[in-house]
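To be precise, the following lines are data30.csv, and they hold CSV, C-alpha atoms.
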```csv
chain,number,residue,atom,x,y,z
A,169,MET,CA,-92.7,-41.8,63.6
A,170,PRO,CA,-95.7,-43.4,65.2
A,171,LYS,CA,-96.1,-47.2,64.8
A,172,LYS,CA,-98.4,-48.4,62.0
A,173,GLN,CA,-101.8,-49.5,63.1
A,174,THR,CA,-101.8,-53.3,62.7
A,175,ALA,CA,-105.6,-53.6,63.4
A,176,ILE,CA,-106.2,-51.4,60.3
A,177,LYS,CA,-106.2,-53.4,57.1
A,178,THR,CA,-105.6,-52.3,53.5
A,179,ARG,CA,-108.0,-53.6,50.9
A,180,PHE,CA,-109.5,-52.6,47.6
A,181,ALA,CA,-112.7,-50.5,47.6
A,182,LYS,CA,-116.0,-52.2,47.4
A,183,HIS,CA,-119.5,-51.0,46.3
A,184,GLU,CA,-120.6,-51.1,49.9
A,185,ASP,CA,-118.0,-48.4,50.8
A,186,GLU,CA,-119.8,-45.6,48.9
A,187,THR,CA,-121.6,-43.9,51.8
A,188,GLN,CA,-118.5,-44.0,54.0
A,189,LEU,CA,-116.3,-42.7,51.2
A,190,ILE,CA,-118.6,-39.8,50.5
A,191,ALA,CA,-118.3,-38.8,54.1
A,192,LEU,CA,-114.5,-39.2,54.0
A,193,PHE,CA,-114.2,-37.1,50.8
A,194,LYS,CA,-116.1,-34.3,52.5
A,195,GLU,CA,-113.0,-33.8,54.7
A,196,LEU,CA,-111.0,-33.2,51.5
A,197,THR,CA,-113.1,-30.7,49.7
A,198,ASP,CA,-116.1,-28.4,50.1
A,199,ASP,CA,-117.1,-29.2,46.5
A,200,PRO,CA,-120.0,-31.5,45.8
A,201,ILE,CA,-118.9,-35.1,45.9
A,202,ASN,CA,-119.5,-36.9,42.6
A,203,LEU,CA,-118.3,-40.4,43.5
A,204,GLN,CA,-119.2,-43.0,40.9
A,205,ILE,CA,-118.5,-46.1,42.9
A,206,GLU,CA,-119.7,-48.5,40.2
A,207,THR,CA,-117.2,-47.0,37.8
A,208,VAL,CA,-114.4,-46.8,40.3
A,209,VAL,CA,-114.7,-50.4,41.5
A,210,GLY,CA,-115.4,-51.7,38.0
A,211,ASP,CA,-112.6,-50.0,36.1
A,212,GLU,CA,-109.5,-52.3,35.7
A,213,ASN,CA,-107.3,-49.2,35.3
A,214,CYS,CA,-108.4,-47.7,38.6
A,215,HIS,CA,-106.9,-49.3,41.7
A,216,ALA,CA,-108.9,-47.8,44.5
A,217,VAL,CA,-107.6,-48.7,48.0
A,218,VAL,CA,-109.1,-48.1,51.4
A,219,LEU,CA,-107.9,-48.4,54.9
A,220,GLU,CA,-110.4,-50.2,57.1
A,221,ASN,CA,-110.5,-49.8,60.9
A,222,LYS,CA,-111.0,-52.8,63.1
A,223,ASP,CA,-114.7,-51.9,63.5
A,224,GLY,CA,-115.1,-52.1,59.7
A,225,SER,CA,-115.2,-48.3,59.1
A,226,VAL,CA,-113.3,-46.8,56.2
A,227,ILE,CA,-110.7,-44.3,57.5
A,228,GLY,CA,-108.6,-43.8,54.4
A,229,PHE,CA,-108.6,-43.8,50.6
A,230,GLY,CA,-106.3,-43.4,47.7
A,231,ALA,CA,-106.5,-44.4,44.0
A,232,LEU,CA,-103.9,-45.3,41.4
A,233,VAL,CA,-105.2,-44.6,37.9
A,234,ILE,CA,-103.1,-46.2,35.1
A,235,HIS,CA,-103.3,-44.8,31.5
A,236,LEU,CA,-101.3,-44.8,28.3
A,237,ILE,CA,-99.2,-41.9,27.1
A,238,PRO,CA,-98.1,-42.6,23.5
A,239,LEU,CA,-94.5,-41.5,24.0
A,240,LYS,CA,-94.0,-42.8,27.6
A,241,GLY,CA,-96.0,-46.0,27.8
A,242,TYR,CA,-98.2,-46.7,30.7
A,243,VAL,CA,-98.0,-44.3,33.6
A,244,GLY,CA,-99.8,-43.9,36.9
A,245,ARG,CA,-101.5,-41.0,38.6
A,246,ILE,CA,-102.4,-41.0,42.3
A,247,GLU,CA,-105.7,-39.4,43.1
A,248,ASP,CA,-107.8,-38.5,46.1
A,249,VAL,CA,-105.5,-39.5,49.0
A,250,ILE,CA,-107.3,-38.9,52.3
A,251,ILE,CA,-107.0,-40.1,55.8
A,252,GLN,CA,-109.8,-39.4,58.2
A,253,GLU,CA,-108.8,-36.5,60.4
A,254,ALA,CA,-108.9,-38.5,63.7
A,255,PHE,CA,-106.4,-41.0,62.3
A,256,ARG,CA,-103.8,-38.6,60.8
A,257,GLY,CA,-100.3,-38.5,62.1
A,258,GLN,CA,-100.1,-42.3,62.7
A,259,GLY,CA,-98.3,-43.3,59.5
A,260,LEU,CA,-101.4,-44.4,57.7
A,261,GLY,CA,-100.9,-42.0,54.8
A,262,GLU,CA,-97.5,-43.6,54.2
A,263,ARG,CA,-99.0,-47.1,54.5
A,264,LEU,CA,-101.6,-46.2,51.9
A,265,LEU,CA,-99.1,-44.6,49.5
A,266,ASP,CA,-96.8,-47.7,49.9
A,267,LYS,CA,-99.7,-49.9,48.7
A,268,LEU,CA,-100.4,-47.7,45.7
A,269,ILE,CA,-96.7,-47.7,44.8
A,270,GLU,CA,-96.5,-51.5,45.2
A,271,ILE,CA,-99.4,-51.8,42.7
A,272,ALA,CA,-97.7,-49.5,40.3
A,273,ARG,CA,-94.5,-51.6,40.5
A,274,LYS,CA,-96.4,-54.8,39.9
A,275,GLN,CA,-98.0,-53.2,36.8
A,276,GLU,CA,-94.5,-52.1,35.6
A,277,ILE,CA,-95.6,-48.6,34.8
A,278,ALA,CA,-93.0,-45.9,33.8
A,279,ASN,CA,-93.8,-43.3,36.5
A,280,ILE,CA,-96.4,-42.0,38.9
A,281,THR,CA,-97.6,-38.4,39.2
A,282,LEU,CA,-99.8,-36.7,41.7
A,283,ASN,CA,-101.0,-33.2,42.5
A,284,SER,CA,-101.1,-31.8,46.0
A,285,ASN,CA,-102.4,-28.5,47.3
A,286,PRO,CA,-99.6,-26.4,48.7
A,287,LYS,CA,-101.7,-26.0,51.9
A,288,ARG,CA,-101.4,-29.8,52.6
A,289,ILE,CA,-97.9,-29.5,54.1
A,290,ALA,CA,-97.8,-32.9,55.8
A,291,ALA,CA,-99.0,-34.7,52.6
A,292,ARG,CA,-96.4,-32.9,50.5
A,293,ASN,CA,-93.7,-33.8,53.0
A,294,LEU,CA,-94.7,-37.4,52.8
A,295,TYR,CA,-94.6,-37.4,49.0
A,296,LEU,CA,-91.1,-35.9,49.1
A,297,LYS,CA,-90.0,-38.5,51.6
A,298,LYS,CA,-91.3,-41.3,49.3
A,299,GLY,CA,-89.2,-40.0,46.4
A,300,PHE,CA,-91.7,-37.8,44.5
A,301,TYR,CA,-90.3,-34.5,43.4
A,302,LEU,CA,-92.1,-31.2,42.5
A,303,ARG,CA,-92.2,-30.4,38.8
A,304,ASP,CA,-92.9,-27.0,37.3
A,305,THR,CA,-95.1,-28.2,34.4
A,306,GLY,CA,-97.5,-25.3,33.9
A,307,VAL,CA,-100.5,-27.6,34.0
A,308,PHE,CA,-103.5,-26.2,32.0
A,309,ARG,CA,-107.1,-27.3,32.5
A,310,LEU,CA,-110.3,-26.9,30.6
A,311,ASP,CA,-113.5,-27.5,32.5
A,312,LEU,CA,-116.1,-29.2,30.4
A,313,LYS,CA,-118.9,-29.4,33.0
```
Just give me the structure of the file as structure tokens.
Amino acid sequence: MPKKQTAIKTRFAKHEDETQLIALFKELTDDPINLQIETVVGDENCHAVVLENKDGSVIGFGALVIHLIPLKGYVGRIEDVIIQEAFRGQGLGERLLDKLIEIARKQEIANITLNSNPKRIAARNLYLKKGFYLRDTGVFRLDLK
């Protein structure tokens, strides 16, 4: 496995990251990007983490969203994990995931879930390596907008 980039720092997202995050998310989807940075940064239940390169550019993002499920207590959900294409394969996705798991442990939540497109083989392998397991839940969705 490649060495972790020590010049790259892990920090919480800031309002000033919005433009760079929108560009980064465009690598994740062709859908319109509806980033509400004020809400993301201001929501105490959303722990949005970025990886910042030595030049100050944002090269990675992931969020842990914590919410209450009446029969399970507080749980976490990891959303929108992305590493800029030029920096993939360097262990940065694992570094980002480790930070999100660390936050979850500190919050003493019951479990963490995430979704991953079957086409994202490297990401799915990372999740398995970190102890996540694939569930067959038959997830339903209703689009309201």
Would you mind telling me which residue in A:Ile246, A:Tyr301, A:Phe180, A:Asn285 lies nearest to Leu265 (chain A) when using all atoms listed in the file?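 Smallest separation from Leu265 (chain A) among the options: A:Ile246.
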Within 12 Å of Leu264 (chain A), counting only C-alpha atoms, which residues qualify if same-chain residues fewer than 6 places away don't, as JSON, numbers by chain? {"A": [172, 173, 176, 177, 178, 179, 180, 215, 216, 217, 218, 219, 220, 227, 228, 229, 230, 231, 232, 246, 247, 248, 249, 250, 251, 256, 258, 270, 271, 291, 294, 295, 298]}
Hey, which of A:Arg288, A:Leu302, A:Val226, A:Ala278 ends up closest to Leu239 (chain A)? Count all atoms listed in the file. A:Ala278
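Taking CA of Val233 (chain A) as the reference point, CA of Leu282 (chain A) is found at 10.3 Å.
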Could you tell me how far CA of Arg273 (chain A) sits from CA of Asp211 (chain A), in Å to one decimal place?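 For CA of Asp211 (chain A) relative to CA of Arg273 (chain A), the distance reads 18.7 Å.
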Which residue is closest to Glu206 (chain A)? Choose from A:Ile234, A:Glu186, A:Lys267, A:Lys240 and count all atoms listed in the file.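 Under the stated criterion, the closest residue is A:Glu186.
CA of Thr197 (chain A) is found 17.4 Å from CA of Gly261 (chain A).
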Would you pick out the contacts of Ile280 (chain A) at 8 Å or less, using all atoms listed in the file, so that residues sharing its chain but fewer than 6 positions from it are not included, and give the list as JSON, numbers by chain? {"A": [243, 244, 245, 246, 272]}
Restricting the calculation to all atoms listed in the file, which member of A:Ala175, A:Gly306, A:Thr187, A:Cys214 is positioned closest to Leu260 (chain A)? A:Ala175
